[in-house]
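J.: Sharing a structure with you now.
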Amino acid sequence: MFSWLPHFTMLPTQVLLGQLIVGLINGAFYAMLSLGLAVIFGLLNIINFTHGAQYMLGAFCAWLMLQYVGIGYWPALILAPLVVGAFGIVLERLFLRHIYRLDHLYGLLLTFGLALIIEGLFRQYYGSSGQPYTIPDALTGGQRLSFMFLPNYRAWVIVASLIVCFGTWFLIERTRLGAYLRAATENPALVQAFGINVPRMVTLTYGFGAALAALAGVMAAPIQQVSPLMGSNIIVVVFAVVVIGGMGSIMGAVASGFMLGLIEGLTKAYWPEASNTVIFVVMAIVLLVKPAGLFGRAT
Amino acid sequence: MAQGAGTIHARDSGLSPRARLAVTVALLALAVAAPFVFYPVFLMKALCFALFACAFNLLIGYVGLLSFGHAAYFGAAAYVTAYALKAWGFDPLSGILLGTAAATLLGAVFGWLAIRRQGIYFAMVTLALAQMVYFVALQAPFTGGEDGIQAVPRGYLFGVIDLGQPYAMYYFVLAVFLIGFAIIYRTIDSPFGQVLQAIRENEPRAISLGYKTEHYKLVAFILSAALAGLAGSTKSLVFQLASLTDVQWQMSGEVVLMTLLGGLGTVLGPVVGAFISISMENYLAQYGSWVTVIQGTIFVFCVLTFRRGVVGEIIALAHRFRVRARPPPGEPVARPAPGE
């Protein structure tokens with residue numbers, strides 16, 4: 001009758017490592033999504049609730065291209081983020097720019113509304129069930145390591161997401177464009193006075209964040225089913241990750257994303273019933289111990 | 001950042017005491033006569049959600065805290081009440097009280113955690129904590145998983161009044177709503193409520209005046225969660241059902257929508273918003289996911305051009321007719337730009 005309690009028995013190494021790999025994969029998605037949220041929040045001061053929908057759009061874009069045009073995984077990895085990024089730019093121009101001078105909460109409500117519209121439309125046309133997306137030929141199969149079997153596609157997702165995260169960090173922390181961006185985060189009026197087109201930068205930043213979410217979506221397509229609900233399922237967890245990490249730093253977002261993925265994987269190995277809630281529990285503990293978040297500055 | 005909440009304002013109706021009395025009597029008469037004209041189950045559903053939205057509005061409208069996880073208290077209370085009535089054979093009143101107590105306790109714990117962060121983070125924390133309740137409801141052995149707890153007996157109120165009768169049930173729900181509404185109204189009007197509004201307008205100033213704002217926020221949060229729970233418990237009695245729909249984040253979004261549509265920070269706005277929203281759902285039920293699309297569209301529309309909501313607009317209009325010389329109270333003059 002106490003089957004729901006944790007069982008700290010010795011697990012076979014293979015099971016444990018398998019769950020850790022799954023955790024790393026989830027962590028890769030958490031990292032990429034919270035990275036996009038942090039970039040958008042930095043400049044726009046908006047928590048982008050549409051982020052989950054944009055992640056879903058990326059996956060659907062890839063699926064639709066394969067289904068109806070015959071465009072495969074590799075081109076989709078470039079094209080889907082471009083399409084969703086352009087869509088993000090349209091959203092920013094049409095809706096978001098009207099509310100920058102309002103209370104931040106309105107930004108959350110507006111992007112929540114947009115997410116409902118996008119998700120509702122896709123549910124109407126494609127139903128709630130998932131569509132399968134096959135792993136590209138080059139990445140099928142796996143490596144038989146001495147201690148476990150590592151599917152190639154999963155290895156690719158982990159490596160690719162690390163590259164994406166590092167690339168974004170480099171772009172923002174080490175390039176001139178990134179310097180403008182950080183300056184505009186601190187003081188938009190001053191940066192504008194130096195002759196930099198801040199509104200355009202804001203628009204492009206939102207587009208970039210949306211594209212990042214879409215890229216994560218394409219990468220997730222072969223692992224998860226492509227479904228209209230995939231975005232809203234993950235976005236709440238990503239919010240918790242963002243609260244834990246704090247949105248002050250890029251590296252903080254990435255590190256907490258991977259860390260929480262691993263914690264989730266470990267929990268899945270030892271106490272499967274709690275794996276859905278463990279991230280929220282970690283969030284509660286972090287709020288108690290370090291309310292500003294692990295990498296955050298006090299607000 | 002903390003002052004950013006200052007753009008969500010409470011709007012005083014500015015009615016004279018006599019006019020206010022007239023409005024109250026008219027609305028009460030309407031509520032008493034309504035079940036003879038409209039379908040009682042529709043009215044009961046609308047009243048439950050109206051109370052839920054009023055409880056939510058107490059936080060966003062009068063303290064400036066956006067909780068995106070109020071479904072947790074609504075749903076948890078619904079589950080506890082349903083379980084107490086069905087499995088333990090509680091009578092309806094103690095079942096509802098137990099559900100409300102559970103929501104109060106949950107609100108105390110979650111509120112204690114969430115008030116450590118402000119603004120947008122507060123919204124995300126409440127949403128994430130509520131999602132935890134959802135997963136518990138999904139997996140726990142006593143919640144019935146995907147099926148929920150069905151066929152909850154309504155039982156006999158005080159052991160005599162058969163709540164299986166639609167009219168008896170309706171007037172019971174109306175009484176619960178009025179009690180909840182009166183508590184909220186009294187809170188807003190009290191010195192305690194004035195401090196809450198001061199916190200919303202300018203928290204640092206309230207702190208410098210010597211108020212322990214954390215305590216005030218926590219008490220308001222607990223009260224709001226308790227009343228949301230009262231609404232949820234009553235709802236599970238009306239529909240004889242507690243299900244995952246009650247704890248999902250979509251439910252949290254819906255109560256935000258009702259309040260926004262009716263008017264943030266107005267006393268009657270959430271009630272009006274709930275009635276509009278529930279009627280809309282009734283008419284659109286056959287169109288599937290279009291309901292979600294339309295709800296999203298209303299969100300976008302309200303945020304972009306209709307931030308006062310229905311009741312807020314009526315109040316603003318009334319002010320414009322009455323005094324042209326004086327600007328309406330509670331109207332934001334200038335809004336701070338981001339980063340200032």
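The chains in the structure tokens are called A, B, ... from first to last as shown; in each chain the residues are counted from 1, and the ligands are counted from 1 in the order shown.
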Write out as a count of residues only which residues come within 10 Å of range 75-83 of chain B when counting only C-alpha atoms, dropping same-chain ones fewer than 4 positions away.
T.: 60
J.: Do a neighbour search on Leu177 in chain A at 12 Å with only C-alpha atoms, toss out local chain neighbours closer than 3 positions, and write the hits as a list of chain:residue names.
T.: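 Near Leu177 in chain A, the qualifying residues are A:Thr168, A:Phe170, A:Leu171, A:Ile172, A:Glu173, A:Arg174, A:Tyr180, A:Leu181, A:Arg182, A:Ala183, A:Ala184, A:Ile196, A:Asn197, A:Val198, A:Met201, A:Leu204, A:Thr205.
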J.: What is the CA of Val303 in chain B-CA of Leu110 in chain A distance in Å, reported with one decimal?
T.: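 Separating CA of Val303 in chain B from CA of Leu110 in chain A is a distance of 6.1 Å.
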J.: Pull out every residue of chain A that has at least one atom within 6 Å of chain B, counting only C-alpha atoms, and report them as a short mmCIF file (atom, residue, chain, number, x, y, z; two decimals) with C-alpha atoms, in the first residue's frame.
T.:
data_model
loop_
_atom_site.label_atom_id
_atom_site.label_comp_id
_atom_site.auth_asym_id
_atom_site.auth_seq_id
_atom_site.Cartn_x
_atom_site.Cartn_y
_atom_site.Cartn_z
CA ARG A 101 4.38 51.70 -21.35
CA ASP A 103 2.15 47.67 -16.20
CA LEU A 110 -1.53 39.81 -23.77
CA GLY A 113 -4.18 35.59 -24.98
CA LEU A 114 -2.04 35.18 -28.09
CA LEU A 116 -4.62 30.73 -26.40
CA ILE A 117 -5.48 31.86 -29.94
CA GLY A 120 -6.90 26.89 -30.05
CA GLN A 124 -9.26 22.95 -33.98
CA PHE A 239 8.52 29.31 -15.85
CA ALA A 240 9.52 27.43 -12.72
CA THR A 277 6.33 17.83 -9.42
#
J.: Could you work out how far CA of Ala115 in chain A lies from CA of Gly52 in chain A, giving the answer in Å with one decimal?
T.: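 CA of Ala115 in chain A lies at a distance of 7.6 Å from CA of Gly52 in chain A.
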J.: Which residues are close to Tyr206 in chain A, i.e. within 12 Å by only C-alpha atoms, leaving aside same-chain residues fewer than 3 positions away? Reply as a PyMOL selection string.
T.: chain A and resi 36-48+50-51+54+84-93+96-97+181+199-203+209-213
J.: What residues in range 11-188 of chain B get the DSSP label helix (DSSP H, G or I)? Please answer as a PyMOL selection string.
T.: chain B and resi 17-36+40-62+71-87+92-114+119-139+145-147+166-188
J.: CA of Pro270 in chain B and CA of Ser67 in chain B, how far apart in Å?
T.: 15.0 Å
J.: May I ask which of the residues A:Ile25, A:Phe49, A:Ser249, A:Val286 is the closest one to Leu105 in chain A, counting only C-alpha atoms?
T.: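 Using only C-alpha atoms, Leu105 in chain A sits closest to A:Phe49.
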J.: I want to know what sits within 8 Å of Ser256 in chain A, based on only C-alpha atoms, with residues of the same chain fewer than 2 positions away left out; could you give that as number ranges by chain?
T.: A: 31, 241-242, 244-245, 252-254, 258-260
J.: How would the residues just chosen look if you wrote them out with N, CA and C atoms as a compact mmCIF listing (two decimals), in the first residue's frame?
T.:
# COMPACT_ATOMS: atom_id res chain seq x y z
N ALA A 31 16.65 24.60 -21.07
CA ALA A 31 17.69 25.62 -21.20
C ALA A 31 17.42 26.52 -22.39
N VAL A 241 11.59 26.98 -13.95
CA VAL A 241 13.04 27.01 -14.14
C VAL A 241 13.55 28.44 -14.09
N VAL A 242 12.79 29.34 -14.72
CA VAL A 242 13.18 30.74 -14.77
C VAL A 242 13.14 31.37 -13.37
N ILE A 244 13.62 29.71 -10.62
CA ILE A 244 14.74 29.13 -9.88
C ILE A 244 16.05 29.81 -10.27
N GLY A 245 16.27 29.99 -11.59
CA GLY A 245 17.54 30.53 -12.06
C GLY A 245 17.62 32.04 -11.93
N GLY A 252 23.04 31.67 -16.24
CA GLY A 252 22.17 31.19 -15.17
C GLY A 252 20.98 30.42 -15.73
N ALA A 253 20.38 30.97 -16.81
CA ALA A 253 19.23 30.31 -17.42
C ALA A 253 19.64 28.94 -17.96
N VAL A 254 20.79 28.89 -18.64
CA VAL A 254 21.24 27.64 -19.24
C VAL A 254 21.59 26.61 -18.15
N PHE A 258 19.65 22.88 -17.50
CA PHE A 258 20.25 21.55 -17.53
C PHE A 258 20.19 20.89 -16.15
N MET A 259 20.45 21.69 -15.11
CA MET A 259 20.46 21.13 -13.76
C MET A 259 19.09 20.54 -13.40
N LEU A 260 18.02 21.30 -13.72
CA LEU A 260 16.69 20.81 -13.36
C LEU A 260 16.28 19.62 -14.20
J.: List as a list in words the protein and nucleic acid residues near Ser161 in chain A, meaning an atom at most 10 Å away when only C-alpha atoms are counted, but skip any in the same chain fewer than 2 places from it.
T.: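 Once the nearby chain positions are removed, what remains is Ile25, Gly27, Ala28, Phe29, Ala31, Met32, Trp156, Val157, Ile158, Val159, Ile163, Val164, Cys165, Phe166, Gly167, Leu215, Ala216, Met219 and Val254 of chain A.
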J.: Do a neighbour search on Val271 in chain B at 9 Å with only C-alpha atoms, toss out local chain neighbours closer than 3 positions, and write the hits as a PyMOL selection string.
T.: chain B and resi 46-47+49-51+53-54+258-259+262+267-268+274-276
J.: Can you spit out the residues from that selection as an mmCIF file, in the first residue's frame, using N, CA and C atoms?
T.:
data_model
loop_
_atom_site.group_PDB
_atom_site.id
_atom_site.type_symbol
_atom_site.label_atom_id
_atom_site.label_comp_id
_atom_site.auth_asym_id
_atom_site.auth_seq_id
_atom_site.Cartn_x
_atom_site.Cartn_y
_atom_site.Cartn_z
ATOM 1 N N ALA B 46 -22.792 30.325 -12.979
ATOM 2 C CA ALA B 46 -22.341 31.712 -13.100
ATOM 3 C C ALA B 46 -22.055 32.312 -11.722
ATOM 4 N N LEU B 47 -22.909 32.002 -10.724
ATOM 5 C CA LEU B 47 -22.696 32.561 -9.376
ATOM 6 C C LEU B 47 -21.402 32.018 -8.762
ATOM 7 N N PHE B 49 -18.739 31.002 -10.349
ATOM 8 C CA PHE B 49 -17.595 31.628 -11.003
ATOM 9 C C PHE B 49 -17.513 33.108 -10.661
ATOM 10 N N ALA B 50 -18.668 33.739 -10.428
ATOM 11 C CA ALA B 50 -18.648 35.149 -10.031
ATOM 12 C C ALA B 50 -17.933 35.299 -8.691
ATOM 13 N N LEU B 51 -18.224 34.384 -7.761
ATOM 14 C CA LEU B 51 -17.551 34.443 -6.456
ATOM 15 C C LEU B 51 -16.047 34.179 -6.624
ATOM 16 N N ALA B 53 -14.259 34.793 -9.266
ATOM 17 C CA ALA B 53 -13.635 35.970 -9.884
ATOM 18 C C ALA B 53 -13.516 37.114 -8.879
ATOM 19 N N CYS B 54 -14.506 37.271 -8.009
ATOM 20 C CA CYS B 54 -14.444 38.322 -6.984
ATOM 21 C C CYS B 54 -13.254 38.060 -6.051
ATOM 22 N N MET B 258 -12.319 36.603 -16.861
ATOM 23 C CA MET B 258 -13.593 37.131 -16.360
ATOM 24 C C MET B 258 -13.389 38.475 -15.675
ATOM 25 N N THR B 259 -12.360 38.535 -14.830
ATOM 26 C CA THR B 259 -12.118 39.750 -14.065
ATOM 27 C C THR B 259 -11.683 40.894 -14.973
ATOM 28 N N GLY B 262 -14.728 42.093 -17.013
ATOM 29 C CA GLY B 262 -15.703 42.831 -16.223
ATOM 30 C C GLY B 262 -15.140 44.133 -15.686
ATOM 31 N N VAL B 267 -15.986 46.626 -7.954
ATOM 32 C CA VAL B 267 -16.651 45.684 -7.051
ATOM 33 C C VAL B 267 -17.515 44.700 -7.839
ATOM 34 N N LEU B 268 -18.260 45.226 -8.821
ATOM 35 C CA LEU B 268 -19.195 44.366 -9.549
ATOM 36 C C LEU B 268 -18.601 43.783 -10.833
ATOM 37 N N ALA B 274 -18.017 37.291 -15.134
ATOM 38 C CA ALA B 274 -18.324 35.863 -15.012
ATOM 39 C C ALA B 274 -19.601 35.518 -15.771
ATOM 40 N N PHE B 275 -20.618 36.351 -15.627
ATOM 41 C CA PHE B 275 -21.878 36.065 -16.329
ATOM 42 C C PHE B 275 -21.682 36.108 -17.845
ATOM 43 N N ILE B 276 -20.929 37.104 -18.336
ATOM 44 C CA ILE B 276 -20.691 37.176 -19.785
ATOM 45 C C ILE B 276 -19.926 35.937 -20.241
#
J.: May I ask which of the residues B:Ile278, B:Gln286, B:Leu317, B:Arg308 is the closest one to Leu261 in chain B, counting only C-alpha atoms?
T.: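 Of the candidates, the smallest distance to Leu261 in chain B is held by B:Arg308.
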J.: Hey, which of A:Leu64, A:Val218, A:Leu57, A:Val22 ends up closest to Leu77 in chain A? Count only C-alpha atoms.
T.: A:Val218
